[in-house]
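File shown: start_23.txt (compact mmCIF, C-alpha atoms).
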```txt
# COMPACT_ATOMS: atom_id res chain seq x y z
CA MET T 1 4.64 -3.05 29.35
CA ILE T 2 1.47 -4.56 27.91
CA THR T 3 2.21 -2.74 24.63
CA ILE T 4 5.62 -4.39 24.42
CA VAL T 5 4.18 -7.88 25.07
CA PHE T 6 1.49 -7.25 22.46
CA GLY T 7 4.09 -5.97 20.00
CA VAL T 8 6.38 -8.97 20.49
CA PHE T 9 3.39 -11.32 20.06
CA LEU T 10 2.31 -9.63 16.81
CA LEU T 11 5.86 -9.53 15.41
CA THR T 12 6.40 -13.23 16.16
CA LEU T 13 3.15 -14.09 14.37
CA LEU T 14 4.26 -11.90 11.47
CA LEU T 15 7.50 -13.86 11.15
CA ILE T 16 5.70 -17.22 11.26
CA VAL T 17 3.25 -16.13 8.56
CA ALA T 18 6.09 -14.81 6.37
CA ILE T 19 7.95 -18.13 6.54
CA ALA T 20 4.70 -19.97 5.78
CA ILE T 21 4.18 -17.79 2.68
CA VAL T 22 7.63 -18.68 1.33
CA ARG T 23 7.29 -22.41 2.11
CA GLU T 24 3.74 -22.84 0.79
CA GLN T 25 3.64 -24.28 -2.72
CA ASP T 26 -0.05 -23.70 -3.33
CA LEU T 27 -0.10 -20.08 -4.46
CA PHE T 28 -3.75 -19.52 -3.49
CA THR T 29 -2.87 -20.40 0.11
CA ALA T 30 0.21 -18.18 -0.07
CA VAL T 31 -1.88 -15.21 -1.29
CA THR T 32 -4.45 -15.71 1.48
CA LEU T 33 -1.60 -15.82 4.01
CA MET T 34 -0.32 -12.59 2.45
CA GLY T 35 -3.64 -10.94 3.39
CA ILE T 36 -3.20 -12.15 6.98
CA PHE T 37 0.38 -10.86 6.92
CA SER T 38 -0.82 -7.38 5.90
CA LEU T 39 -3.50 -7.32 8.58
CA LEU T 40 -0.92 -8.27 11.25
CA MET T 41 1.37 -5.59 9.87
CA ALA T 42 -1.46 -3.01 10.15
CA ALA T 43 -2.05 -4.00 13.79
CA ASN T 44 1.69 -3.60 14.37
CA PHE T 45 1.71 -0.11 12.86
CA PHE T 46 -1.17 0.80 15.16
CA VAL T 47 0.74 -0.40 18.23
CA LEU T 48 3.65 1.80 17.07
CA ASP T 49 1.41 4.95 17.06
CA ALA T 50 1.11 5.17 13.28
CA ALA T 51 -2.68 5.36 12.93
CA ASP T 52 -2.63 6.79 9.38
CA VAL T 53 -0.24 4.11 8.14
CA ALA T 54 -2.25 1.34 9.81
CA LEU T 55 -5.40 2.54 8.05
CA THR T 56 -3.60 2.54 4.69
CA GLU T 57 -2.02 -0.88 5.18
CA ALA T 58 -5.37 -2.42 6.22
CA ALA T 59 -7.19 -1.02 3.18
CA VAL T 60 -4.43 -1.48 0.59
CA GLY T 61 -2.43 -4.47 1.83
CA ALA T 62 -5.11 -6.69 3.29
CA GLY T 63 -7.88 -5.61 0.91
CA ILE T 64 -6.91 -4.55 -2.57
CA SER T 65 -3.57 -6.32 -2.97
CA THR T 66 -5.19 -9.67 -2.10
CA VAL T 67 -7.85 -9.10 -4.77
CA LEU T 68 -5.21 -8.15 -7.36
CA LEU T 69 -3.05 -11.19 -6.54
CA LEU T 70 -6.08 -13.47 -6.83
CA GLY T 71 -6.98 -11.77 -10.12
CA ALA T 72 -3.49 -12.50 -11.44
CA LEU T 73 -3.63 -16.10 -10.15
CA ALA T 74 -6.87 -16.66 -12.05
CA LEU T 75 -4.87 -16.01 -15.24
CA THR T 76 -1.75 -18.04 -14.32
CA PRO T 77 -1.11 -21.49 -12.81
CA GLY T 78 -2.14 -21.67 -9.16
CA ARG T 79 0.59 -24.06 -8.09
CA GLU T 80 4.30 -23.59 -7.80
CA ARG T 81 6.42 -26.34 -9.36
CA SER T 82 8.18 -28.28 -6.61
CA ILE T 83 11.61 -26.76 -6.14
CA PRO T 84 14.76 -28.67 -6.99
CA LYS T 85 17.07 -29.49 -4.10
CA GLY T 86 20.39 -27.77 -3.67
CA ARG T 87 19.44 -24.22 -2.77
CA TRP T 88 22.20 -24.20 -0.18
CA LEU T 89 23.98 -21.21 -1.66
CA ALA T 90 20.86 -19.03 -1.27
CA LEU T 91 20.40 -20.24 2.30
CA VAL T 92 24.02 -19.49 3.19
CA VAL T 93 23.86 -15.99 1.64
CA VAL T 94 20.61 -15.21 3.45
CA THR T 95 21.89 -16.49 6.82
CA LEU T 96 25.12 -14.50 6.57
CA THR T 97 23.28 -11.32 5.57
CA THR T 98 20.81 -11.77 8.45
CA LEU T 99 23.72 -12.04 10.89
CA VAL T 100 25.32 -8.89 9.49
CA VAL T 101 22.04 -6.91 9.69
CA VAL T 102 21.30 -8.18 13.23
CA HIS T 103 24.84 -7.23 14.24
CA ALA T 104 24.22 -3.73 12.85
CA THR T 105 21.05 -3.33 14.95
CA PHE T 106 23.11 -3.33 18.16
CA GLY T 107 24.17 0.20 17.26
CA ASN T 108 20.53 1.34 16.99
CA PRO T 109 18.73 3.30 19.71
CA ARG T 110 16.23 1.26 21.77
CA LEU T 111 12.56 1.26 20.72
CA GLY T 112 10.88 4.47 21.92
CA ASP T 113 14.09 6.23 22.96
CA PRO T 114 13.20 9.98 22.89
CA GLY T 115 16.88 10.86 22.41
CA ALA T 116 17.21 8.94 19.13
CA PRO T 117 18.75 10.98 16.29
CA VAL T 118 15.60 10.66 14.16
CA HIS T 119 13.64 12.70 16.75
CA GLN T 120 16.20 15.53 16.89
CA HIS T 121 16.21 16.82 13.33
CA VAL T 122 13.17 18.31 11.59
CA ALA T 123 10.34 16.40 13.35
CA PRO T 124 10.09 18.64 16.46
CA TRP T 125 9.86 21.62 14.14
CA TYR T 126 6.89 20.02 12.30
CA LEU T 127 5.12 19.29 15.59
CA GLU T 128 5.74 22.82 16.90
CA GLN T 129 4.93 24.82 13.77
CA THR T 130 1.94 22.90 12.39
CA PRO T 131 -0.71 24.55 14.66
CA GLU T 132 0.69 27.98 13.88
CA LEU T 133 1.41 27.70 10.14
CA ILE T 134 -1.23 25.20 8.94
CA GLY T 135 -3.78 25.20 11.75
CA ILE T 136 -4.91 21.57 11.44
CA PRO T 137 -4.61 18.94 14.20
CA ASN T 138 -3.27 15.99 12.16
CA VAL T 139 0.46 16.65 11.73
CA VAL T 140 0.83 13.69 9.34
CA THR T 141 -1.64 15.29 6.91
CA ALA T 142 0.06 18.68 7.31
CA VAL T 143 3.49 17.25 6.47
CA LEU T 144 2.08 15.14 3.63
CA GLY T 145 -0.03 17.89 2.07
CA SER T 146 1.95 21.04 2.67
CA PHE T 147 5.50 20.74 4.05
CA ARG T 148 6.37 17.85 1.75
CA ALA T 149 3.84 18.52 -1.01
CA TYR T 150 6.46 18.11 -3.80
CA ASP T 151 7.22 14.61 -2.55
CA THR T 152 3.53 13.67 -2.44
CA LEU T 153 2.99 15.04 -5.96
CA GLY T 154 5.84 12.78 -7.09
CA GLU T 155 4.24 9.75 -5.42
CA VAL T 156 0.91 10.48 -7.11
CA ILE T 157 2.67 10.63 -10.48
CA VAL T 158 4.36 7.28 -9.71
CA VAL T 159 0.96 5.71 -8.92
CA LEU T 160 -0.44 7.18 -12.15
CA THR T 161 2.54 5.87 -14.16
CA ALA T 162 2.16 2.37 -12.72
CA GLY T 163 -1.55 2.46 -13.60
CA ILE T 164 -0.75 3.53 -17.17
CA GLY T 165 1.79 0.70 -17.36
CA VAL T 166 -0.79 -1.89 -16.34
CA LEU T 167 -3.27 -0.53 -18.90
CA PHE T 168 -0.58 -0.72 -21.61
CA LEU T 169 0.16 -4.35 -20.71
CA LEU T 170 -3.35 -5.67 -20.17
CA GLY T 171 -5.69 -3.11 -21.73
CA LEU T 172 -8.98 -1.83 -20.35
CA PRO T 173 -11.97 -2.67 -22.54
CA GLY T 174 -14.12 0.34 -23.29
CA ALA T 175 -11.53 2.92 -22.24
CA VAL T 176 -10.77 3.94 -25.83
CA GLY T 177 -13.15 3.87 -28.77
CA GLU T 178 -16.83 2.96 -28.83
CA ARG T 179 -17.81 -0.30 -27.19
CA ARG T 180 -21.33 -1.34 -26.33
CA ARG T 181 -22.20 -2.11 -22.75
CA GLU T 182 -23.35 -5.63 -23.62
CA GLU T 183 -19.91 -6.58 -24.88
CA LEU T 184 -18.19 -5.92 -21.57
CA ALA T 185 -17.47 -9.06 -19.54
CA LEU T 186 -19.78 -11.21 -21.59
CA GLY T 187 -21.24 -14.28 -19.92
CA ARG T 188 -19.87 -13.75 -16.42
CA THR T 189 -22.04 -14.64 -13.45
CA TYR T 190 -19.82 -13.94 -10.41
CA LEU T 191 -21.54 -14.21 -7.04
CA SER T 192 -24.89 -12.90 -8.27
CA HIS T 193 -26.59 -16.26 -7.65
CA HIS T 194 -25.30 -16.53 -4.05
CA LEU T 195 -27.84 -14.92 -1.75
CA VAL T 196 -25.79 -14.34 1.43
CA PRO T 197 -22.80 -12.45 -0.08
CA GLN T 198 -25.20 -10.43 -2.17
CA VAL T 199 -27.37 -9.31 0.75
CA VAL T 200 -24.40 -8.64 3.04
CA GLY T 201 -22.58 -6.78 0.27
CA ARG T 202 -25.58 -4.60 -0.53
CA LEU T 203 -25.89 -3.71 3.14
CA LEU T 204 -22.19 -2.94 3.51
CA ILE T 205 -21.30 -1.08 0.30
CA PRO T 206 -23.11 2.22 1.10
CA PHE T 207 -21.41 2.39 4.48
CA ILE T 208 -17.98 1.64 3.00
CA LEU T 209 -18.51 4.48 0.49
CA LEU T 210 -19.65 6.80 3.28
CA PHE T 211 -16.60 5.85 5.35
CA ALA T 212 -14.36 6.59 2.35
CA LEU T 213 -15.83 10.09 2.11
CA TYR T 214 -15.42 10.56 5.88
CA VAL T 215 -11.77 9.49 5.71
CA GLN T 216 -11.24 11.81 2.73
CA PHE T 217 -12.69 14.97 4.24
CA HIS T 218 -11.90 14.33 7.91
CA GLY T 219 -8.22 13.61 7.21
CA GLU T 220 -7.21 17.03 8.58
CA TYR T 221 -8.65 16.24 12.00
CA GLY T 222 -8.21 12.49 12.44
CA PRO T 223 -6.33 9.66 10.74
CA GLY T 224 -7.09 9.70 7.05
CA GLY T 225 -6.54 11.51 3.78
CA GLY T 226 -6.57 10.98 0.06
CA PHE T 227 -4.47 7.81 -0.13
CA GLN T 228 -6.59 5.92 2.40
CA ALA T 229 -9.89 7.27 1.10
CA GLY T 230 -9.03 6.37 -2.50
CA ALA T 231 -8.17 2.81 -1.49
CA ILE T 232 -11.35 2.39 0.59
CA PHE T 233 -13.51 3.84 -2.21
CA ALA T 234 -11.91 1.47 -4.72
CA SER T 235 -12.45 -1.52 -2.41
CA ALA T 236 -16.18 -0.67 -2.13
CA ILE T 237 -16.55 -0.64 -5.93
CA ILE T 238 -14.46 -3.83 -6.25
CA LEU T 239 -16.78 -5.53 -3.74
CA TYR T 240 -19.72 -4.38 -5.88
CA ALA T 241 -18.02 -5.80 -8.98
CA LEU T 242 -17.38 -9.14 -7.26
CA ILE T 243 -21.02 -9.44 -6.18
CA GLU T 244 -22.97 -7.95 -9.08
CA GLY T 245 -20.53 -8.64 -11.88
CA GLU T 246 -18.03 -6.68 -13.91
CA ARG T 247 -20.58 -5.13 -16.21
CA GLU T 248 -22.66 -3.54 -13.47
CA ALA T 249 -19.57 -2.03 -11.87
CA LEU T 250 -18.41 -0.65 -15.22
CA THR T 251 -21.86 0.91 -15.66
CA VAL T 252 -21.51 2.75 -12.36
CA ILE T 253 -18.04 4.07 -13.23
CA SER T 254 -17.37 3.68 -16.95
CA PRO T 255 -13.86 2.80 -18.21
CA ARG T 256 -13.64 6.19 -19.88
CA LEU T 257 -14.41 7.95 -16.58
CA LEU T 258 -11.76 5.80 -14.86
CA VAL T 259 -9.10 7.03 -17.27
CA TRP T 260 -10.22 10.61 -16.64
CA MET T 261 -10.10 10.02 -12.87
CA MET T 262 -6.55 8.67 -13.09
CA ALA T 263 -5.23 11.69 -14.93
CA GLY T 264 -7.65 14.26 -13.48
CA GLY T 265 -6.60 13.80 -9.85
CA ALA T 266 -2.92 14.31 -10.62
CA LEU T 267 -3.85 17.25 -12.86
CA LEU T 268 -5.89 18.81 -10.03
CA TYR T 269 -2.89 18.46 -7.71
CA GLY T 270 -0.48 20.02 -10.18
CA GLY T 271 -3.10 22.65 -11.09
CA VAL T 272 -3.15 23.90 -7.50
CA GLY T 273 0.61 24.40 -7.80
CA VAL T 274 0.20 26.41 -11.01
CA VAL T 275 -2.56 28.53 -9.42
CA THR T 276 -0.34 29.37 -6.45
CA MET T 277 2.37 30.44 -8.90
CA LEU T 278 -0.08 32.66 -10.82
CA LEU T 279 -1.13 34.26 -7.52
CA GLY T 280 2.49 35.21 -6.87
CA GLY T 281 3.62 32.44 -4.55
CA ASN T 282 5.95 29.49 -5.02
CA PHE T 283 4.82 26.20 -6.60
CA LEU T 284 2.47 24.48 -4.09
CA ASP T 285 2.81 27.27 -1.52
CA TYR T 286 -0.85 27.45 -0.50
CA SER T 287 -0.52 30.57 1.68
CA VAL T 288 -1.50 32.81 -1.23
CA LEU T 289 -4.80 31.00 -1.88
CA ALA T 290 -6.73 33.10 0.71
CA GLU T 291 -6.42 36.41 2.54
CA ASP T 292 -5.34 34.60 5.69
CA PRO T 293 -2.27 32.38 4.99
CA VAL T 294 -3.47 29.69 7.44
CA LYS T 295 -6.88 29.50 5.69
CA GLY T 296 -5.03 29.30 2.36
CA GLN T 297 -2.98 26.34 3.62
CA GLN T 298 -6.16 24.53 4.71
CA TRP T 299 -7.86 25.12 1.34
CA GLY T 300 -4.78 23.91 -0.49
CA ILE T 301 -4.55 20.71 1.56
CA ILE T 302 -8.26 19.92 1.06
CA VAL T 303 -7.99 20.33 -2.72
CA ILE T 304 -4.76 18.36 -3.19
CA GLU T 305 -6.03 15.55 -0.91
CA LEU T 306 -9.10 15.38 -3.16
CA GLY T 307 -6.79 15.08 -6.18
CA VAL T 308 -4.81 12.31 -4.48
CA GLY T 309 -8.02 10.44 -3.58
CA ILE T 310 -9.40 10.65 -7.14
CA THR T 311 -6.16 9.41 -8.73
CA VAL T 312 -5.64 6.55 -6.25
CA ALA T 313 -9.25 5.36 -6.58
CA GLY T 314 -9.09 5.64 -10.39
CA VAL T 315 -5.78 3.78 -10.71
CA LEU T 316 -6.72 0.94 -8.33
CA LEU T 317 -10.11 0.44 -10.00
CA ALA T 318 -8.62 0.56 -13.51
CA ILE T 319 -6.00 -2.02 -12.49
CA TYR T 320 -8.67 -4.30 -11.02
CA HIS T 321 -10.85 -4.06 -14.14
CA ALA T 322 -7.84 -4.64 -16.39
CA PHE T 323 -7.08 -7.93 -14.60
CA ALA T 324 -10.73 -9.00 -14.40
CA ALA T 325 -11.44 -8.25 -18.07
CA ARG T 326 -8.48 -10.38 -19.18
CA GLY T 327 -10.44 -13.52 -18.22
CA ARG T 328 -10.47 -16.63 -20.33
CA MET K 1 12.44 -4.78 29.10
CA GLU K 2 15.79 -3.58 27.78
CA LEU K 3 16.01 -6.98 26.12
CA PHE K 4 13.06 -6.27 23.85
CA GLY K 5 14.27 -2.79 22.90
CA LEU K 6 15.80 -4.15 19.70
CA PHE K 7 13.26 -6.90 19.01
CA ASN K 8 11.56 -4.89 16.26
CA TYR K 9 14.87 -4.49 14.44
CA TRP K 10 15.60 -8.22 14.67
CA VAL K 11 12.19 -9.03 13.20
CA PHE K 12 12.96 -6.47 10.48
CA ALA K 13 16.23 -8.26 9.66
CA LEU K 14 14.59 -11.70 9.58
CA LEU K 15 11.58 -10.54 7.50
CA LEU K 16 13.90 -8.79 5.06
CA MET K 17 15.85 -11.98 4.51
CA VAL K 18 12.80 -14.26 4.38
CA GLY K 19 11.54 -12.09 1.52
CA PHE K 20 14.96 -12.00 -0.12
CA TYR K 21 15.27 -15.80 0.12
CA ALA K 22 11.99 -16.19 -1.80
CA VAL K 23 13.28 -13.83 -4.50
CA ILE K 24 16.60 -15.58 -5.07
CA SER K 25 15.69 -19.24 -4.47
CA ARG K 26 12.24 -19.69 -6.04
CA PRO K 27 11.89 -19.81 -9.83
CA ASN K 28 8.15 -19.04 -9.68
CA LEU K 29 7.55 -15.40 -10.68
CA ILE K 30 4.48 -14.87 -8.47
CA LYS K 31 6.40 -16.28 -5.51
CA LYS K 32 9.18 -13.83 -6.27
CA LEU K 33 6.67 -10.96 -6.19
CA LEU K 34 5.28 -12.19 -2.85
CA GLY K 35 8.87 -12.28 -1.58
CA LEU K 36 9.40 -8.72 -2.77
CA SER K 37 6.22 -7.67 -0.93
CA ILE K 38 7.55 -9.19 2.30
CA PHE K 39 10.90 -7.46 1.73
CA GLN K 40 9.09 -4.17 1.22
CA ALA K 41 6.90 -4.68 4.33
CA ALA K 42 10.08 -5.25 6.36
CA VAL K 43 11.39 -1.84 5.29
CA PHE K 44 8.06 -0.27 6.27
CA LEU K 45 8.42 -1.90 9.69
CA LEU K 46 11.92 -0.44 10.09
CA TYR K 47 10.71 3.10 9.40
CA ILE K 48 7.62 2.88 11.60
CA THR K 49 9.69 1.38 14.44
CA MET K 50 11.86 4.49 14.35
CA ASP K 51 8.87 6.84 14.74
CA LYS K 52 7.82 5.49 18.16
CA VAL K 53 8.51 7.65 21.23
CA GLU K 54 8.18 6.18 24.71
CA GLY K 55 4.80 7.17 26.20
CA GLY K 56 3.86 8.94 22.96
CA THR K 57 0.67 8.89 20.94
CA ALA K 58 -0.33 9.36 17.29
CA PRO K 59 0.73 12.84 16.08
CA ILE K 60 -2.73 14.41 16.10
CA ILE K 61 -2.63 17.56 18.20
CA GLN K 62 -5.48 17.95 20.69
CA LYS K 63 -6.60 21.37 21.86
CA GLY K 64 -6.08 22.05 25.55
CA VAL K 65 -3.53 19.25 25.99
CA ASP K 66 -0.09 20.78 26.44
CA ASP K 67 2.02 18.01 27.94
CA ALA K 68 1.27 15.29 25.37
CA ILE K 69 4.20 13.47 23.73
CA TYR K 70 3.74 12.81 20.02
CA SER K 71 5.46 10.19 17.92
CA ASN K 72 7.50 11.32 14.94
CA PRO K 73 5.19 12.18 11.98
CA LEU K 74 7.88 12.14 9.27
CA PRO K 75 8.47 8.35 8.89
CA GLN K 76 4.69 7.90 8.88
CA VAL K 77 4.30 10.28 5.93
CA LEU K 78 7.05 8.52 3.98
CA ILE K 79 5.60 5.05 4.54
CA LEU K 80 1.98 6.11 4.01
CA THR K 81 2.74 7.10 0.43
CA ALA K 82 5.16 4.19 -0.06
CA ILE K 83 2.41 1.64 0.68
CA VAL K 84 0.19 2.98 -2.12
CA VAL K 85 3.14 3.18 -4.51
CA GLY K 86 4.01 -0.40 -3.48
CA ILE K 87 0.61 -1.79 -4.50
CA SER K 88 0.79 0.05 -7.84
CA THR K 89 4.20 -1.40 -8.65
CA LEU K 90 3.06 -4.85 -7.47
CA ALA K 91 0.15 -4.59 -9.90
CA LEU K 92 2.57 -3.63 -12.69
CA GLY K 93 4.69 -6.69 -11.85
CA LEU K 94 1.63 -8.94 -11.87
CA ALA K 95 0.58 -7.55 -15.25
CA LEU K 96 4.03 -8.42 -16.61
CA VAL K 97 3.72 -11.96 -15.17
CA VAL K 98 0.32 -12.40 -16.84
CA ARG K 99 1.75 -11.32 -20.20
CA ILE K 100 4.79 -13.58 -19.75
CA TYR K 101 2.47 -16.52 -19.07
CA GLU K 102 0.48 -15.73 -22.21
CA ALA K 103 3.67 -15.60 -24.28
CA TYR K 104 5.60 -18.56 -22.80
CA GLY K 105 2.94 -20.76 -21.18
CA THR K 106 4.86 -20.91 -17.92
CA ILE K 107 5.82 -18.61 -15.04
CA GLU K 108 8.82 -20.64 -13.85
CA GLU K 109 11.94 -18.60 -14.51
CA ASP K 110 14.25 -21.45 -15.59
CA GLU K 111 11.71 -22.81 -18.10
CA ILE K 112 11.31 -19.32 -19.60
CA GLN K 113 15.09 -19.01 -20.01
CA GLN K 114 15.25 -22.49 -21.54
CA GLN K 115 12.64 -21.49 -24.12
CA ASP K 116 14.62 -18.34 -24.91
CA LEU K 117 17.75 -20.44 -25.49
CA ASN K 118 15.94 -22.90 -27.77
CA ARG K 119 14.43 -20.14 -29.86
```
This entry written out as structure tokens:
Amino acid sequence: MITIVFGVFLLTLLLIVAIAIVREQDLFTAVTLMGIFSLLMAANFFVLDAADVALTEAAVGAGISTVLLLGALALTPGRERSIPKGRWLALVVVTLTTLVVVHATFGNPRLGDPGAPVHQHVAPWYLEQTPELIGIPNVVTAVLGSFRAYDTLGEVIVVLTAGIGVLFLLGLPGAVGERRREELALGRTYLSHHLVPQVVGRLLIPFILLFALYVQFHGEYGPGGGFQAGAIFASAIILYALIEGEREALTVISPRLLVWMMAGGALLYGGVGVVTMLLGGNFLDYSVLAEDPVKGQQWGIIVIELGVGITVAGVLLAIYHAFAARGR
Amino acid sequence: MELFGLFNYWVFALLLMVGFYAVISRPNLIKKLLGLSIFQAAVFLLYITMDKVEGGTAPIIQKGVDDAIYSNPLPQVLILTAIVVGISTLALGLALVVRIYEAYGTIEEDEIQQQDLNR
């Protein structure tokens, strides 16, 4: 009962914020509202029992995507031109489509109905077989890392491709060819002369990094895994870059290392698949990695999650640096 | 509480269309991308709504608990990866917007098309 009230409250807020984002003409305000929208969405996912997804949305949606949008806004005009009147056609189309979609929802099963078709197919099998075949408590990680490992490999390649695309469009100084450290982000001061953010940031960053490692290597037992850990790791380094300046952050993790991280993580993931093939199994069938098939599955998941984490952290950091280095 | 059984789906429909409205009615490219993000978040909400089981908990199996009900892990896996792919594609879109601004000096769609016509 209380969960339903809480859910309805959060969803109503979500709707209000979404409408405010579309109506707001100052893009900085809209982007800030977008961060609030993501945080509300994360709370919603948590109410709906999706702890792993909530963790990802909080780190990626509320954290990194806000920074990236602000980075893009710094390079483009921060205000939307006032819209001409006469958008009636769009309004009519949207209203009609909403009515059609709402009408279609009346055929859906009620929220939480255990007899819904989605709970009858393959999901009970995952829940039943995971302790026996994989031997780890978090079923989400088991499905992500082992049962649907092909799918996850594909997603990692998509993330890598998007990262490569951004680097093609904006460039990452120092990634290719020799470039002296002094030339990077010349004459930027950032927040280094503000005492409070600097002290708070220095206190927080080690713990954020530690939490990222915890989420990475505890993902088999609790909510977490490579995607979340990579995003949290990247947000710690981005915070460092915002406080100490671009150059310091690029000294910690050089542009060249970032490019290697992007490709290396995906390569590690695919490499595990090739190793399993050489050991006589199918591509990404981890059972052959150890004497005991269950142990092999656990080893495989740990290694591919590490690959996912490295690629996600590398891509997000490279994208951030590409936007930041494009400054005026 | 039967009444609220479909509330999540209604919010999904409204969010979807709020995002879509921004995409088709606003000429500003960054506003379009924000609209696409809302559209995408609505789809995430649809999937995660479907995973919920009455009285269930997050699908992390505890030793010694036999009668626990777990929510469906599959939609969670799909959306977990989709969120990270979503931010990567958003970044790619933003990079394109930045380059368009550098080439045209504006990020309003109609002005860009006007410049293309005059060229």
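Taking all atoms listed in the file into account, chain T lies nearest to K:Val53 out of the set K:Tyr104, K:Val53, K:Ile112, K:Gly86.
Remark: for chain K, the closest of the candidate residues T:Ala318, T:Val92, T:Ala43, T:Val166 is T:Val166 (distances computed over all atoms listed in the file).
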Practice problem: Counting only C-alpha atoms, write as a PyMOL selection string all protein and nucleic acid residues lying at most 12 Å from (9.7, 19.9, 1.1) in the file's frame. | Solution: (chain T and resi 122+126+142-154+282-285) or (chain K and resi 74)
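Ranking T:Val275, T:Val94, T:Leu317, T:Leu40 by their shortest atom-to-atom distance to Ala22 in chain K, with only C-alpha atoms included, puts T:Val94 first.
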Extract, using all atoms listed in the file, all DNA, RNA and protein residues at most 12 Å from Thr81 in chain K, discarding same-chain residues fewer than 2 positions from it, and format them as an mmCIF file with C-alpha atoms, in the coordinates of the input.
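Here's the written file out_21.cif:
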```cif
data_model
loop_
_atom_site.group_PDB
_atom_site.id
_atom_site.type_symbol
_atom_site.label_atom_id
_atom_site.label_comp_id
_atom_site.auth_asym_id
_atom_site.auth_seq_id
_atom_site.Cartn_x
_atom_site.Cartn_y
_atom_site.Cartn_z
ATOM 1 C CA ASP T 52 -2.630 6.790 9.380
ATOM 2 C CA VAL T 53 -0.240 4.110 8.140
ATOM 3 C CA THR T 56 -3.600 2.540 4.690
ATOM 4 C CA GLU T 57 -2.020 -0.880 5.180
ATOM 5 C CA VAL T 60 -4.430 -1.480 0.590
ATOM 6 C CA VAL T 140 0.830 13.690 9.340
ATOM 7 C CA THR T 141 -1.640 15.290 6.910
ATOM 8 C CA VAL T 143 3.490 17.250 6.470
ATOM 9 C CA LEU T 144 2.080 15.140 3.630
ATOM 10 C CA GLY T 145 -0.030 17.890 2.070
ATOM 11 C CA ARG T 148 6.370 17.850 1.750
ATOM 12 C CA ALA T 149 3.840 18.520 -1.010
ATOM 13 C CA ASP T 151 7.220 14.610 -2.550
ATOM 14 C CA THR T 152 3.530 13.670 -2.440
ATOM 15 C CA LEU T 153 2.990 15.040 -5.960
ATOM 16 C CA GLY T 154 5.840 12.780 -7.090
ATOM 17 C CA GLU T 155 4.240 9.750 -5.420
ATOM 18 C CA VAL T 156 0.910 10.480 -7.110
ATOM 19 C CA ILE T 157 2.670 10.630 -10.480
ATOM 20 C CA VAL T 158 4.360 7.280 -9.710
ATOM 21 C CA VAL T 159 0.960 5.710 -8.920
ATOM 22 C CA GLY T 225 -6.540 11.510 3.780
ATOM 23 C CA GLY T 226 -6.570 10.980 0.060
ATOM 24 C CA PHE T 227 -4.470 7.810 -0.130
ATOM 25 C CA GLN T 228 -6.590 5.920 2.400
ATOM 26 C CA ALA T 231 -8.170 2.810 -1.490
ATOM 27 C CA VAL T 308 -4.810 12.310 -4.480
ATOM 28 C CA GLY T 309 -8.020 10.440 -3.580
ATOM 29 C CA VAL T 312 -5.640 6.550 -6.250
ATOM 30 C CA PHE K 44 8.060 -0.270 6.270
ATOM 31 C CA LEU K 74 7.880 12.140 9.270
ATOM 32 C CA PRO K 75 8.470 8.350 8.890
ATOM 33 C CA GLN K 76 4.690 7.900 8.880
ATOM 34 C CA VAL K 77 4.300 10.280 5.930
ATOM 35 C CA LEU K 78 7.050 8.520 3.980
ATOM 36 C CA ILE K 79 5.600 5.050 4.540
ATOM 37 C CA ILE K 83 2.410 1.640 0.680
ATOM 38 C CA VAL K 84 0.190 2.980 -2.120
ATOM 39 C CA VAL K 85 3.140 3.180 -4.510
ATOM 40 C CA GLY K 86 4.010 -0.400 -3.480
ATOM 41 C CA ILE K 87 0.610 -1.790 -4.500
ATOM 42 C CA SER K 88 0.790 0.050 -7.840
#
```
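Residues of chain K lying within 6 Å of chain T, counting all atoms listed in the file, are Gly5, Leu6, Trp10, Ala13, Met17, Ala22, Lys52, Val53, Glu54, Thr57, Ala58, Pro59, Ile60, Ile61, Pro73, Val77, Leu80, Val85, Ser88, Thr89, Leu92 and Ala95 of chain K.
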Quiz item: Of the candidates K:Tyr21, K:Gln62, K:Lys31, K:Asn72, which one gets nearest to His121 in chain T if we count only C-alpha atoms?
Solution: K:Asn72
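The spacing separating CA of Val98 in chain K from CA of Arg256 in chain T amounts to 23.4 Å.
One distance worth recording is that between CA of Phe4 in chain K and CA of Leu16 in chain K, which is 19.0 Å.
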Please define a box with edges along x, y and z of the file around all atoms of range 297-300 of chain T given in the file, extend it by 6 Å on each side, and return its centre and edge lengths in Å to one decimal, as JSON.
```
{"center_x": -5.4, "center_y": 25.1, "center_z": 2.1, "size_x": 16.9, "size_y": 14.4, "size_z": 17.2}
```
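Taking only C-alpha atoms into account, the protein, DNA and RNA residues within 12 Å of (12.2, -3.3, 0.9) read Phe12, Ala13, Leu15, Leu16, Met17, Val18, Gly19, Phe20, Val23, Leu33, Leu34, Gly35, Leu36, Ser37, Ile38, Phe39, Gln40, Ala41, Ala42, Val43, Phe44, Leu45, Leu46, Tyr47, Ile79, Ala82, Ile83 and Gly86 of chain K.
Between CA of Val65 in chain K and CA of Ile301 in chain T there is a distance of 24.5 Å.
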I'd like the contact shell of Ala62 in chain T - 6 Å cut-off, only C-alpha atoms, skipping same-chain residues fewer than 4 positions apart - returned as a compact mmCIF listing (two decimals) with C-alpha atoms, keeping the file's coordinate frame.
```
# COMPACT_ATOMS: atom_id res chain seq x y z
CA GLY T 35 -3.64 -10.94 3.39
CA SER T 38 -0.82 -7.38 5.90
CA LEU T 39 -3.50 -7.32 8.58
CA ALA T 58 -5.37 -2.42 6.22
```
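If all atoms listed in the file are the atoms counted, then among T:Val17, T:Ala290, T:Val303, T:Leu203 the closest residue to Ile36 in chain T is T:Val17.
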